[in-house]
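The data block below is protein04.csv; it holds CSV, C-alpha atoms and all ligand atoms.
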```csv
chain,number,residue,atom,x,y,z
U,1,ALA,CA,-2.7,179.7,153.4
U,2,THR,CA,-2.6,182.6,151.1
U,3,GLU,CA,0.6,184.4,150.2
U,4,HIS,CA,0.8,187.9,148.8
U,5,ARG,CA,3.8,189.7,147.3
U,6,ILE,CA,3.9,193.3,148.3
U,7,ALA,CA,6.2,196.0,146.8
U,8,LEU,CA,7.2,198.4,149.6
U,9,ILE,CA,8.3,201.9,148.6
U,10,PRO,CA,9.0,203.8,151.9
U,11,GLY,CA,10.2,206.9,150.0
U,12,ASP,CA,11.2,210.0,151.9
U,13,GLY,CA,10.9,211.5,155.4
U,14,ILE,CA,8.2,210.0,157.6
U,15,GLY,CA,7.3,207.6,154.8
U,16,THR,CA,10.2,205.5,156.1
U,17,GLU,CA,8.8,205.7,159.6
U,18,VAL,CA,5.2,204.8,159.0
U,19,LEU,CA,5.7,201.8,156.7
U,20,PRO,CA,7.3,199.5,159.3
U,21,PRO,CA,4.3,199.9,161.6
U,22,ALA,CA,2.0,199.1,158.6
U,23,THR,CA,3.9,195.9,157.8
U,24,ALA,CA,4.0,194.9,161.4
U,25,VAL,CA,0.2,195.2,161.6
U,26,LEU,CA,-0.2,193.2,158.3
U,27,ASP,CA,2.0,190.4,159.7
U,28,LYS,CA,0.1,190.3,163.0
U,29,VAL,CA,-3.4,190.3,161.5
U,30,GLY,CA,-2.2,188.0,158.6
U,31,ALA,CA,-1.1,185.4,161.1
U,32,ARG,CA,-4.6,185.3,162.5
U,33,HIS,CA,-6.1,184.8,159.1
U,34,GLY,CA,-3.7,182.4,157.4
U,35,ILE,CA,-2.2,185.1,155.2
U,36,THR,CA,1.5,185.6,154.7
U,37,PHE,CA,3.1,188.6,153.1
U,38,ARG,CA,6.3,188.6,151.1
U,39,TYR,CA,7.8,192.1,150.9
U,40,ASP,CA,10.2,193.4,148.4
U,41,ASP,CA,11.8,196.7,149.5
U,42,PHE,CA,12.5,199.4,146.9
U,43,ASP,CA,14.8,202.3,148.0
U,44,TRP,CA,13.3,204.7,145.4
U,45,CYS,CA,13.5,208.2,147.0
U,46,CYS,CA,15.0,211.6,146.8
U,47,GLU,CA,18.3,210.5,148.1
U,48,ARG,CA,18.5,208.0,145.3
U,49,TYR,CA,17.8,210.8,142.9
U,50,LEU,CA,20.7,212.8,144.3
U,51,HIS,CA,23.1,209.9,143.8
U,52,GLU,CA,21.9,208.3,140.6
U,53,GLY,CA,20.0,211.1,138.9
U,54,ALA,CA,16.6,209.2,138.9
U,55,MET,CA,14.0,208.5,141.5
U,56,MET,CA,13.7,204.9,140.3
U,57,PRO,CA,15.5,202.7,137.8
U,58,ALA,CA,14.5,203.0,134.1
U,59,ASN,CA,12.8,199.6,134.4
U,60,GLY,CA,11.4,200.4,137.9
U,61,LEU,CA,7.7,199.9,136.9
U,62,ASP,CA,8.6,196.5,135.4
U,63,GLN,CA,10.1,195.5,138.8
U,64,ILE,CA,6.8,196.0,140.6
U,65,ARG,CA,4.3,195.2,137.8
U,66,HIS,CA,3.6,191.7,139.0
U,67,HIS,CA,3.3,192.3,142.7
U,68,ASP,CA,-0.1,191.9,144.2
U,69,ALA,CA,-0.1,195.4,145.6
U,70,ILE,CA,2.2,198.4,146.4
U,71,LEU,CA,2.5,200.0,149.8
U,72,LEU,CA,4.1,203.5,149.6
U,73,GLY,CA,5.1,205.9,152.4
U,74,ALA,CA,5.6,209.4,150.9
U,75,VAL,CA,7.6,211.0,148.1
U,76,GLY,CA,9.3,214.4,148.3
U,77,TRP,CA,12.2,216.1,150.2
U,78,PRO,CA,13.6,219.5,150.4
U,79,GLY,CA,16.5,219.8,147.9
U,80,VAL,CA,14.8,218.0,145.1
U,81,PRO,CA,12.1,220.0,143.4
U,82,ASP,CA,8.7,218.4,144.0
U,83,HIS,CA,7.8,218.3,140.4
U,84,VAL,CA,11.0,216.2,139.8
U,85,SER,CA,10.4,213.7,142.6
U,86,LEU,CA,6.7,213.3,142.0
U,87,TRP,CA,6.8,213.1,138.2
U,88,GLY,CA,9.8,210.7,138.7
U,89,LEU,CA,8.0,208.2,140.9
U,90,LEU,CA,4.5,208.7,142.4
U,91,ILE,CA,2.7,210.0,139.4
U,92,PRO,CA,4.1,207.4,136.9
U,93,ILE,CA,3.0,204.6,139.1
U,94,ARG,CA,-0.6,206.0,139.4
U,95,ARG,CA,-0.7,206.6,135.6
U,96,GLN,CA,1.1,203.7,134.1
U,97,PHE,CA,-0.8,201.2,136.3
U,98,ASP,CA,-4.0,203.0,135.4
U,99,GLN,CA,-4.9,203.6,139.1
U,100,TYR,CA,-7.7,205.9,138.1
U,101,VAL,CA,-9.6,205.8,141.4
U,102,ASN,CA,-8.1,207.5,144.4
U,103,LEU,CA,-10.3,206.3,147.2
U,104,ARG,CA,-10.0,208.3,150.4
U,105,PRO,CA,-12.3,207.4,153.3
U,106,ILE,CA,-12.8,209.8,156.2
U,107,LYS,CA,-14.0,208.7,159.7
U,108,VAL,CA,-14.3,210.7,162.9
U,109,MET,CA,-12.9,208.2,165.4
U,110,PRO,CA,-13.9,208.1,169.1
U,111,GLY,CA,-11.4,209.9,171.2
U,112,VAL,CA,-10.2,212.1,168.3
U,113,PRO,CA,-11.7,215.5,168.6
U,114,SER,CA,-12.7,217.1,165.4
U,115,PRO,CA,-12.1,220.9,165.0
U,116,VAL,CA,-15.7,220.9,163.6
U,117,ARG,CA,-18.3,221.1,166.3
U,118,SER,CA,-21.0,219.1,164.5
U,119,ALA,CA,-18.6,216.2,163.6
U,120,GLU,CA,-19.5,213.4,166.0
U,121,PRO,CA,-17.6,210.1,166.3
U,122,GLY,CA,-18.9,207.7,163.7
U,123,LEU,CA,-19.3,210.4,161.1
U,124,GLU,CA,-17.9,209.1,157.9
U,125,PHE,CA,-17.8,209.8,154.2
U,126,VAL,CA,-15.5,209.1,151.3
U,127,VAL,CA,-13.7,211.2,148.7
U,128,VAL,CA,-13.5,209.5,145.3
U,129,ARG,CA,-10.8,211.4,143.4
U,130,GLU,CA,-10.1,211.0,139.7
U,131,ASN,CA,-6.4,210.0,139.7
U,132,VAL,CA,-4.9,210.0,136.2
U,133,GLU,CA,-6.1,212.9,134.2
U,134,GLY,CA,-7.8,216.3,134.8
U,135,GLU,CA,-5.6,219.1,136.0
U,136,TYR,CA,-2.6,216.8,136.6
U,137,SER,CA,-1.8,216.6,132.9
U,138,GLU,CA,1.4,216.5,131.0
U,139,VAL,CA,-0.1,218.3,128.0
U,140,GLY,CA,0.8,221.9,127.2
U,141,GLY,CA,4.0,223.8,127.8
U,142,ARG,CA,5.5,224.1,131.2
U,143,PHE,CA,7.4,227.3,131.6
U,144,HIS,CA,7.9,229.8,128.9
U,145,ARG,CA,10.9,231.7,130.0
U,146,GLY,CA,13.3,234.2,128.7
U,147,PHE,CA,11.1,237.2,128.1
U,148,ALA,CA,9.7,239.8,130.4
U,149,ASP,CA,6.2,238.4,130.6
U,150,GLU,CA,7.3,234.8,131.1
U,151,MET,CA,4.6,232.3,132.0
U,152,ALA,CA,3.6,228.8,132.8
U,153,VAL,CA,0.9,226.9,130.9
U,154,GLN,CA,-0.7,223.5,131.4
U,155,GLU,CA,-3.8,222.1,129.9
U,156,SER,CA,-6.4,220.1,131.8
U,157,ILE,CA,-7.6,216.9,130.1
U,158,PHE,CA,-11.0,215.6,130.8
U,159,THR,CA,-11.9,212.6,128.5
U,160,ARG,CA,-15.4,211.1,128.2
U,161,PRO,CA,-14.1,207.6,129.1
U,162,GLY,CA,-11.9,208.9,131.9
U,163,VAL,CA,-14.6,210.9,133.6
U,164,THR,CA,-17.3,208.3,133.0
U,165,ARG,CA,-15.4,205.5,134.7
U,166,ILE,CA,-14.6,207.5,137.8
U,167,LEU,CA,-18.3,208.6,138.0
U,168,ASP,CA,-19.5,205.1,137.6
U,169,TYR,CA,-17.2,204.0,140.4
U,170,ALA,CA,-18.5,206.7,142.7
U,171,PHE,CA,-22.2,206.0,141.9
U,172,GLU,CA,-21.7,202.2,142.4
U,173,LEU,CA,-19.9,202.8,145.6
U,174,ALA,CA,-22.8,205.1,146.8
U,175,ALA,CA,-25.2,202.3,146.0
U,176,THR,CA,-23.5,200.1,148.6
U,177,ARG,CA,-23.6,203.0,151.2
U,178,ARG,CA,-26.1,205.8,151.8
U,179,ASN,CA,-26.9,206.3,148.2
U,180,VAL,CA,-25.8,209.9,147.8
U,181,VAL,CA,-23.2,211.3,145.4
U,182,THR,CA,-22.0,214.9,145.6
U,183,SER,CA,-20.0,216.1,142.6
U,184,ALA,CA,-17.4,218.8,143.1
U,185,THR,CA,-17.6,221.2,140.2
U,186,LYS,CA,-16.8,224.8,139.1
U,187,SER,CA,-19.3,225.1,136.4
U,188,ASN,CA,-20.2,228.7,136.7
U,189,GLY,CA,-18.7,229.5,133.3
U,190,ILE,CA,-15.1,230.2,134.2
U,191,VAL,CA,-13.4,226.8,134.0
U,192,HIS,CA,-14.2,225.4,130.6
U,193,THR,CA,-13.8,221.7,131.4
U,194,MET,CA,-16.4,221.7,134.2
U,195,PRO,CA,-19.6,222.0,132.2
U,196,PHE,CA,-18.4,218.8,130.4
U,197,TRP,CA,-17.8,217.1,133.7
U,198,ASP,CA,-21.3,218.1,134.8
U,199,GLU,CA,-22.8,216.8,131.7
U,200,LEU,CA,-21.2,213.4,132.3
U,201,VAL,CA,-22.4,213.5,135.9
U,202,ALA,CA,-26.0,213.9,134.7
U,203,GLU,CA,-25.5,211.0,132.4
U,204,ALA,CA,-24.1,208.9,135.2
U,205,GLY,CA,-27.2,209.8,137.3
U,206,LEU,CA,-29.4,208.4,134.5
U,207,ARG,CA,-27.4,205.2,134.5
U,208,HIS,CA,-27.9,204.9,138.3
U,209,PRO,CA,-31.4,206.0,138.9
U,210,ASP,CA,-31.5,204.7,142.5
U,211,VAL,CA,-28.7,206.9,143.6
U,212,ARG,CA,-29.4,210.5,144.5
U,213,TRP,CA,-26.8,213.0,143.3
U,214,HIS,CA,-26.2,216.7,143.4
U,215,GLN,CA,-23.4,219.0,142.5
U,216,GLU,CA,-21.8,221.8,144.4
U,217,HIS,CA,-19.3,224.4,143.4
U,218,ILE,CA,-15.9,223.5,144.9
U,219,ASP,CA,-15.6,226.8,146.8
U,220,ALA,CA,-19.0,226.5,148.4
U,221,LEU,CA,-18.5,222.7,148.9
U,222,VAL,CA,-15.3,223.1,151.0
U,223,ALA,CA,-17.3,225.5,153.3
U,224,LYS,CA,-20.1,222.9,153.6
U,225,VAL,CA,-17.7,220.1,154.4
U,226,VAL,CA,-16.5,222.2,157.3
U,227,LEU,CA,-19.9,223.5,158.4
U,228,ASP,CA,-22.0,220.4,158.0
U,229,PRO,CA,-20.0,217.3,157.1
U,230,SER,CA,-22.7,214.8,158.0
U,231,ARG,CA,-24.5,215.7,154.8
U,232,PHE,CA,-22.0,213.8,152.7
U,233,ASP,CA,-21.7,210.2,151.7
U,234,VAL,CA,-19.6,209.9,148.5
U,235,ILE,CA,-17.9,213.1,147.2
U,236,VAL,CA,-16.5,212.7,143.7
U,237,GLY,CA,-14.1,215.2,142.2
U,238,SER,CA,-11.4,215.8,139.6
U,239,ASN,CA,-7.8,215.2,140.4
U,240,LEU,CA,-7.0,218.6,141.9
U,241,PHE,CA,-10.4,219.2,143.5
U,242,GLY,CA,-10.2,215.7,145.0
U,243,ASP,CA,-6.7,216.3,146.3
U,244,ILE,CA,-7.7,219.5,148.1
U,245,LEU,CA,-11.0,217.9,149.4
U,246,SER,CA,-9.1,215.0,150.9
U,247,ASP,CA,-6.8,217.0,153.1
U,248,LEU,CA,-9.6,219.2,154.1
U,249,ALA,CA,-11.7,216.1,155.0
U,250,ALA,CA,-8.8,214.6,156.9
U,251,ALA,CA,-8.5,217.7,159.0
U,252,VAL,CA,-12.3,217.5,159.7
U,253,ALA,CA,-11.6,214.0,161.0
U,254,GLY,CA,-8.9,215.4,163.4
U,255,SER,CA,-5.6,214.9,161.7
U,256,ILE,CA,-4.1,214.5,158.3
U,257,GLY,CA,-1.9,211.8,159.9
U,258,ILE,CA,-4.8,209.3,160.0
U,259,ALA,CA,-6.2,209.6,156.5
U,260,PRO,CA,-5.6,206.6,154.1
U,261,ALA,CA,-5.7,206.3,150.4
U,262,GLY,CA,-6.1,203.5,147.8
U,263,ASN,CA,-4.9,204.2,144.3
U,264,LEU,CA,-7.0,201.6,142.6
U,265,ASN,CA,-6.8,199.9,139.3
U,266,PRO,CA,-10.3,198.4,139.3
U,267,SER,CA,-9.7,196.2,136.2
U,268,ARG,CA,-6.8,194.5,138.2
U,269,GLU,CA,-4.6,194.4,135.1
U,270,PHE,CA,-2.0,196.2,137.2
U,271,PRO,CA,-1.3,196.4,141.0
U,272,SER,CA,-3.1,199.0,143.1
U,273,MET,CA,-1.1,201.2,145.4
U,274,PHE,CA,-1.9,202.1,149.0
U,275,GLU,CA,-0.4,205.1,150.8
U,276,PRO,CA,-1.3,207.6,153.5
U,277,VAL,CA,-2.8,210.8,152.2
U,278,HIS,CA,0.0,212.8,154.0
U,279,GLY,CA,3.4,213.6,152.6
U,280,SER,CA,7.0,213.2,153.9
U,281,ALA,CA,6.5,215.9,156.7
U,282,PRO,CA,10.1,217.2,156.7
U,283,ASP,CA,9.1,219.3,159.8
U,284,ILE,CA,8.8,216.2,162.0
U,285,ALA,CA,10.8,213.6,160.1
U,286,GLY,CA,13.6,211.7,161.9
U,287,LYS,CA,12.0,212.3,165.3
U,288,GLY,CA,10.0,209.1,165.6
U,289,VAL,CA,6.8,210.9,166.3
U,290,ALA,CA,4.8,210.6,163.1
U,291,ASN,CA,1.3,209.1,163.4
U,292,PRO,CA,1.4,205.7,161.6
U,293,LEU,CA,-2.3,205.4,161.4
U,294,GLY,CA,-2.6,206.8,157.8
U,295,ALA,CA,-0.2,204.1,156.6
U,296,ILE,CA,-1.9,201.4,158.8
U,297,TRP,CA,-5.4,202.2,157.6
U,298,SER,CA,-4.0,202.2,154.0
U,299,ALA,CA,-2.7,198.7,154.7
U,300,ALA,CA,-6.2,197.8,155.9
U,301,MET,CA,-7.6,199.0,152.6
U,302,MET,CA,-5.1,196.9,150.9
U,303,LEU,CA,-6.4,193.9,152.8
U,304,ASP,CA,-9.9,194.6,151.5
U,305,HIS,CA,-8.6,194.9,148.0
U,306,LEU,CA,-6.7,191.6,148.3
U,307,GLY,CA,-9.9,189.9,149.3
U,308,HIS,CA,-9.5,189.9,153.1
U,309,PRO,CA,-12.2,192.3,154.3
U,310,ASP,CA,-12.4,190.6,157.7
U,311,ALA,CA,-8.8,191.1,158.3
U,312,GLY,CA,-9.1,194.7,157.2
U,313,ALA,CA,-12.0,195.3,159.5
U,314,GLU,CA,-10.0,193.9,162.4
U,315,VAL,CA,-7.3,196.5,161.8
U,316,VAL,CA,-9.8,199.3,161.7
U,317,ALA,CA,-11.5,198.0,164.8
U,318,ALA,CA,-8.1,197.9,166.6
U,319,MET,CA,-7.5,201.6,165.6
U,320,VAL,CA,-10.9,202.6,167.0
U,321,ASP,CA,-10.2,200.6,170.1
U,322,VAL,CA,-6.9,202.2,170.9
U,323,LEU,CA,-8.1,205.8,170.1
U,324,GLY,CA,-11.4,205.3,171.9
U,325,ASN,CA,-10.2,203.3,175.0
U,326,THR,CA,-6.7,204.4,175.7
U,327,PRO,CA,-4.9,207.7,176.0
U,328,VAL,CA,-2.1,206.5,173.8
U,329,ARG,CA,-1.7,208.7,170.7
U,330,THR,CA,0.8,210.6,168.8
U,331,ALA,CA,1.5,214.4,169.1
U,332,ASP,CA,-0.7,215.4,166.1
U,333,LEU,CA,-3.6,214.0,168.1
U,334,GLY,CA,-2.5,215.8,171.3
U,335,GLY,CA,-0.7,212.8,172.8
U,336,THR,CA,2.9,212.1,173.7
U,337,ALA,CA,3.4,208.6,172.3
U,338,SER,CA,6.2,207.9,169.8
U,339,THR,CA,5.4,206.1,166.5
U,340,GLU,CA,6.8,203.0,168.1
U,341,GLU,CA,4.9,203.2,171.3
U,342,PHE,CA,1.7,203.8,169.5
U,343,THR,CA,2.3,200.9,167.1
U,344,LYS,CA,3.1,198.5,170.0
U,345,THR,CA,-0.2,199.5,171.7
U,346,LEU,CA,-2.1,198.9,168.5
U,347,LEU,CA,-0.4,195.5,167.8
U,348,ASP,CA,-1.4,194.3,171.3
U,349,ARG,CA,-5.0,194.9,170.5
U,350,ILE,CA,-5.1,192.9,167.3
U,401,LIG,P1,2.7,216.8,154.6
U,401,LIG,O1,1.5,216.0,154.5
U,401,LIG,O2,4.0,216.1,154.5
U,401,LIG,O3,2.7,217.7,155.9
U,401,LIG,C1,1.7,218.6,156.3
U,401,LIG,C2,1.7,218.8,157.8
U,401,LIG,O4,1.0,217.7,158.4
U,401,LIG,C3,3.0,218.9,158.4
U,401,LIG,O5,3.0,219.9,159.5
U,401,LIG,C4,3.3,217.6,159.0
U,401,LIG,O6,4.1,217.5,160.1
U,401,LIG,C5,1.9,217.1,159.3
U,401,LIG,N1,1.8,215.6,159.2
U,401,LIG,C6,1.7,215.0,158.0
U,401,LIG,N2,1.6,213.6,158.2
U,401,LIG,C7,1.7,213.4,159.5
U,401,LIG,C8,1.7,212.3,160.4
U,401,LIG,N3,1.6,211.0,159.8
U,401,LIG,N4,1.8,212.4,161.7
U,401,LIG,C9,1.9,213.7,162.2
U,401,LIG,N5,1.9,214.8,161.5
U,401,LIG,C10,1.8,214.7,160.2
U,401,LIG,O7,2.6,217.9,153.4
U,401,LIG,P2,3.6,219.0,152.8
U,401,LIG,O8,4.4,219.6,153.9
U,401,LIG,O9,2.8,219.8,151.9
U,401,LIG,O10,4.6,218.2,151.9
U,401,LIG,C11,5.9,217.7,152.3
U,401,LIG,C12,6.5,216.9,151.2
U,401,LIG,O11,5.7,215.7,150.9
U,401,LIG,C13,6.5,217.6,149.8
U,401,LIG,O12,7.7,217.2,149.2
U,401,LIG,C14,5.3,217.1,149.1
U,401,LIG,O13,5.4,217.1,147.7
U,401,LIG,C15,5.3,215.6,149.6
U,401,LIG,N6,4.0,215.0,149.5
U,401,LIG,C16,3.9,213.7,149.1
U,401,LIG,C17,2.7,213.0,149.1
U,401,LIG,C18,2.7,211.6,148.6
U,401,LIG,O14,3.8,211.0,148.5
U,401,LIG,N7,1.6,211.0,148.4
U,401,LIG,C19,1.6,213.6,149.6
U,401,LIG,C20,1.6,214.9,150.0
U,401,LIG,C21,2.8,215.6,150.0
U,402,LIG,C1,-1.5,213.3,147.4
U,402,LIG,C2,-0.4,214.3,147.1
U,402,LIG,C3,0.1,214.3,145.7
U,402,LIG,C4,-1.1,214.6,144.8
U,402,LIG,C5,1.3,215.2,145.4
U,402,LIG,C6,2.4,214.9,146.3
U,402,LIG,C7,1.6,215.0,143.9
U,402,LIG,O1,-0.7,215.6,147.5
U,402,LIG,O2,-1.3,212.1,147.2
U,402,LIG,O3,-2.6,213.8,147.8
U,402,LIG,O4,-1.4,215.8,144.6
U,402,LIG,O5,-1.7,213.7,144.3
U,403,MN,MN,-2.7,215.7,148.5
```
Target encoding structure tokens, full file:
Amino acid sequence: ATEHRIALIPGDGIGTEVLPPATAVLDKVGARHGITFRYDDFDWCCERYLHEGAMMPANGLDQIRHHDAILLGAVGWPGVPDHVSLWGLLIPIRRQFDQYVNLRPIKVMPGVPSPVRSAEPGLEFVVVRENVEGEYSEVGGRFHRGFADEMAVQESIFTRPGVTRILDYAFELAATRRNVVTSATKSNGIVHTMPFWDELVAEAGLRHPDVRWHQEHIDALVAKVVLDPSRFDVIVGSNLFGDILSDLAAAVAGSIGIAPAGNLNPSREFPSMFEPVHGSAPDIAGKGVANPLGAIWSAAMMLDHLGHPDAGAEVVAAMVDVLGNTPVRTADLGGTASTEEFTKTLLDRI
């Protein structure tokens, strides 16, 4: 039997409601495959910040550095500025554990209507988001205040190694799929970093001659994702473009409540982190109605990452089964099931 040590960080809002379903699913599928999970729970969240002045302890990252993986709910709550909560917890994990790939698959599930007419069940593509540099940088001033024309400034950082490694990841992933990479860009002369990104995309194309690639300006690209999503296989984008594309793509698949994410450290020097794409959803938190599928699918991605693709595939198959063959679903998908009822139905099908 295999045992994995998992760091659980439920975080804020519905993050605390969607992680228990994810661990219940892991335990159930694990039992079928001889895998046991040992969870360590970390109460790092906005409430901790309000009591102790920090989202996590000073040695927080050392406490989770040796876990096999991290499962996170969501970070952020009204009353604590988002830049404080996020730079205090989520972003340091991604950066210090060099989780430079944010992998965000999209699948139109049977029984989940897409708002996009041409998006049929089975349609799927993946957003590969650069996750540690780009527009999300710490370089440059923040606010320059105290005079009439006050301002905020932040520099984008695109490094040759940083861009090259995310592009290689995207091209190699495409080579295992339908062989097409779409690069999100904005190279028409305004954003100075993007011609450099494009140059490195062309180089990556030369290194991967069997993969077809093209680039689209981000503004036109978002329109195409809505109008004709079936054209896409792997979409690769910078940190901010990838962020925006992944919520858009989740909406194309029917709900942001389903979409999963893997923050991957491909070298495996540090643990990778799995979390739903959505946030803490203050508008529905505490009501027990959040869709747990984003967290559950993230847990399935964690199974893949830990070397159990069969177990991961069983979880995804159970999701497809419940959505396709039962009326049980949460309110975001037009149903009336609570988080708990939905989870129970899913567990019965694993
Ligand atoms: P959000 O994703 O929390 O919510 C957007 C909308 O989607 C809301 O109407 C919400 O009710 C709905 N929604 C989200 N997840 C759902 C689910 N599982 N089931 C049903 N409906 C769901 O985004 P937001 O409102 O922009 O952000 C709220 C807070 O979460 C902010 O503090 C933000 O910074 C934080 N946030 C954190 C993460 C993260 O931890 N990775 C991601 C996004 C936002
Ligand atoms: C996400 C979130 C985060 C991001 C925020 C909360 C910092 O939107 O994981 O997509 O932009 O990376
Ligand atoms: Mn986002």
All residues having an atom within 6 Å of ligand LIG 401 (chain U) (all atoms listed in the file) as JSON, numbers by chain | {"U": [74, 75, 76, 77, 82, 256, 257, 277, 278, 279, 280, 281, 283, 284, 290, 291, 292, 332]}
Just to be explicit: take each residue in the selection above, keep C-alpha atoms, and write the result as a compact mmCIF listing (two decimals), keeping the file's coordinate frame.
```txt
# COMPACT_ATOMS: atom_id res chain seq x y z
CA ALA U 74 5.60 209.40 150.90
CA VAL U 75 7.60 211.00 148.10
CA GLY U 76 9.30 214.40 148.30
CA TRP U 77 12.20 216.10 150.20
CA ASP U 82 8.70 218.40 144.00
CA ILE U 256 -4.10 214.50 158.30
CA GLY U 257 -1.90 211.80 159.90
CA VAL U 277 -2.80 210.80 152.20
CA HIS U 278 0.00 212.80 154.00
CA GLY U 279 3.40 213.60 152.60
CA SER U 280 7.00 213.20 153.90
CA ALA U 281 6.50 215.90 156.70
CA ASP U 283 9.10 219.30 159.80
CA ILE U 284 8.80 216.20 162.00
CA ALA U 290 4.80 210.60 163.10
CA ASN U 291 1.30 209.10 163.40
CA PRO U 292 1.40 205.70 161.60
CA ASP U 332 -0.70 215.40 166.10
```
Given only C-alpha atoms, how would the per-residue table for segment 45-156 of chain U near segment 214-234 of chain U read, listing every residue at most 9 Å away with its closest atom pair and distance in Å to one decimal, sorted by chain and number, as JSON lines?
```
{"residue": "U:Pro115", "atom": "CA", "partner": "U:Val226", "partner_atom": "CA", "distance": 9.0}
{"residue": "U:Val116", "atom": "CA", "partner": "U:Val226", "partner_atom": "CA", "distance": 6.5}
{"residue": "U:Arg117", "atom": "CA", "partner": "U:Leu227", "partner_atom": "CA", "distance": 8.4}
{"residue": "U:Ser118", "atom": "CA", "partner": "U:Asp228", "partner_atom": "CA", "distance": 6.7}
{"residue": "U:Ala119", "atom": "CA", "partner": "U:Pro229", "partner_atom": "CA", "distance": 6.7}
{"residue": "U:Glu120", "atom": "CA", "partner": "U:Ser230", "partner_atom": "CA", "distance": 8.7}
{"residue": "U:Leu123", "atom": "CA", "partner": "U:Ser230", "partner_atom": "CA", "distance": 6.4}
{"residue": "U:Glu124", "atom": "CA", "partner": "U:Asp233", "partner_atom": "CA", "distance": 7.4}
{"residue": "U:Phe125", "atom": "CA", "partner": "U:Asp233", "partner_atom": "CA", "distance": 4.6}
{"residue": "U:Val126", "atom": "CA", "partner": "U:Val234", "partner_atom": "CA", "distance": 5.0}
{"residue": "U:Val127", "atom": "CA", "partner": "U:Val234", "partner_atom": "CA", "distance": 6.0}
{"residue": "U:Val128", "atom": "CA", "partner": "U:Val234", "partner_atom": "CA", "distance": 6.9}
```
Work out how far atom CA of Ala285 of chain U is from atom CA of Gly334 of chain U, in Å to one decimal.
-> 17.5 Å
Using only C-alpha atoms and all ligand atoms, which of U:Glu135, U:Asp243, U:Glu52, U:Asp40 sits nearest ligand LIG 402 (chain U)?
-> U:Asp243
Starting from the point (-5.1, 203.2, 148.8), work out which residues of protein, DNA or RNA have an atom no more than 8 Å away when counting all atoms listed in the file; state them as number ranges by chain.
-> U: 102-104, 260-264, 272-276, 298-299, 301-302
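For the point (10.5, 201.4, 138.5), the residues with an atom at a distance of at most 12 Å are Ala7, Leu8, Ile9, Phe42, Asp43, Trp44, Cys45, Ala54, Met55, Met56, Pro57, Ala58, Asn59, Gly60, Leu61, Asp62, Gln63, Ile64, Arg65, His66, Ile70, Gly88, Leu89, Leu90, Ile91, Pro92, Ile93, Gln96 and Phe97 of chain U, counting only C-alpha atoms.
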Deliver the residues from the most recent selection as a file, using C-alpha atoms, as a PDB file, keeping the file's coordinate frame.
```pdb
ATOM      1  CA  ALA U   7       6.200 196.000 146.800  1.00  0.00           C
ATOM      2  CA  LEU U   8       7.200 198.400 149.600  1.00  0.00           C
ATOM      3  CA  ILE U   9       8.300 201.900 148.600  1.00  0.00           C
ATOM      4  CA  PHE U  42      12.500 199.400 146.900  1.00  0.00           C
ATOM      5  CA  ASP U  43      14.800 202.300 148.000  1.00  0.00           C
ATOM      6  CA  TRP U  44      13.300 204.700 145.400  1.00  0.00           C
ATOM      7  CA  CYS U  45      13.500 208.200 147.000  1.00  0.00           C
ATOM      8  CA  ALA U  54      16.600 209.200 138.900  1.00  0.00           C
ATOM      9  CA  MET U  55      14.000 208.500 141.500  1.00  0.00           C
ATOM     10  CA  MET U  56      13.700 204.900 140.300  1.00  0.00           C
ATOM     11  CA  PRO U  57      15.500 202.700 137.800  1.00  0.00           C
ATOM     12  CA  ALA U  58      14.500 203.000 134.100  1.00  0.00           C
ATOM     13  CA  ASN U  59      12.800 199.600 134.400  1.00  0.00           C
ATOM     14  CA  GLY U  60      11.400 200.400 137.900  1.00  0.00           C
ATOM     15  CA  LEU U  61       7.700 199.900 136.900  1.00  0.00           C
ATOM     16  CA  ASP U  62       8.600 196.500 135.400  1.00  0.00           C
ATOM     17  CA  GLN U  63      10.100 195.500 138.800  1.00  0.00           C
ATOM     18  CA  ILE U  64       6.800 196.000 140.600  1.00  0.00           C
ATOM     19  CA  ARG U  65       4.300 195.200 137.800  1.00  0.00           C
ATOM     20  CA  HIS U  66       3.600 191.700 139.000  1.00  0.00           C
ATOM     21  CA  ILE U  70       2.200 198.400 146.400  1.00  0.00           C
ATOM     22  CA  GLY U  88       9.800 210.700 138.700  1.00  0.00           C
ATOM     23  CA  LEU U  89       8.000 208.200 140.900  1.00  0.00           C
ATOM     24  CA  LEU U  90       4.500 208.700 142.400  1.00  0.00           C
ATOM     25  CA  ILE U  91       2.700 210.000 139.400  1.00  0.00           C
ATOM     26  CA  PRO U  92       4.100 207.400 136.900  1.00  0.00           C
ATOM     27  CA  ILE U  93       3.000 204.600 139.100  1.00  0.00           C
ATOM     28  CA  GLN U  96       1.100 203.700 134.100  1.00  0.00           C
ATOM     29  CA  PHE U  97      -0.800 201.200 136.300  1.00  0.00           C
TER      30      PHE U  97
END
```
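Put simply, atom CA of Pro266 of chain U is 9.5 Å away from atom CA of His305 of chain U.
Residues in contact range of Asp98 of chain U, defined as at most 8 Å between only C-alpha atoms, with sequence neighbours fewer than 2 positions away removed, read Arg94, Arg95, Gln96, Tyr100, Val132, Leu264, Asn265 and Phe270 of chain U.
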What does the distance from atom CA of Ile190 of chain U to atom C6 of ligand LIG 402 (chain U) come to in Å, to one decimal?
-> 26.2 Å
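Compared by their closest atoms to ligand MN 403 (chain U), and using all atoms listed in the file, the residues U:Ala317, U:Ile244, U:Ala253, U:Ala170 rank with U:Ile244 nearest.
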Judged by all atoms listed in the file, the minimum distance to Val315 of chain U among U:Met194, U:Ala295, U:Val211, U:Leu50 is found for U:Ala295
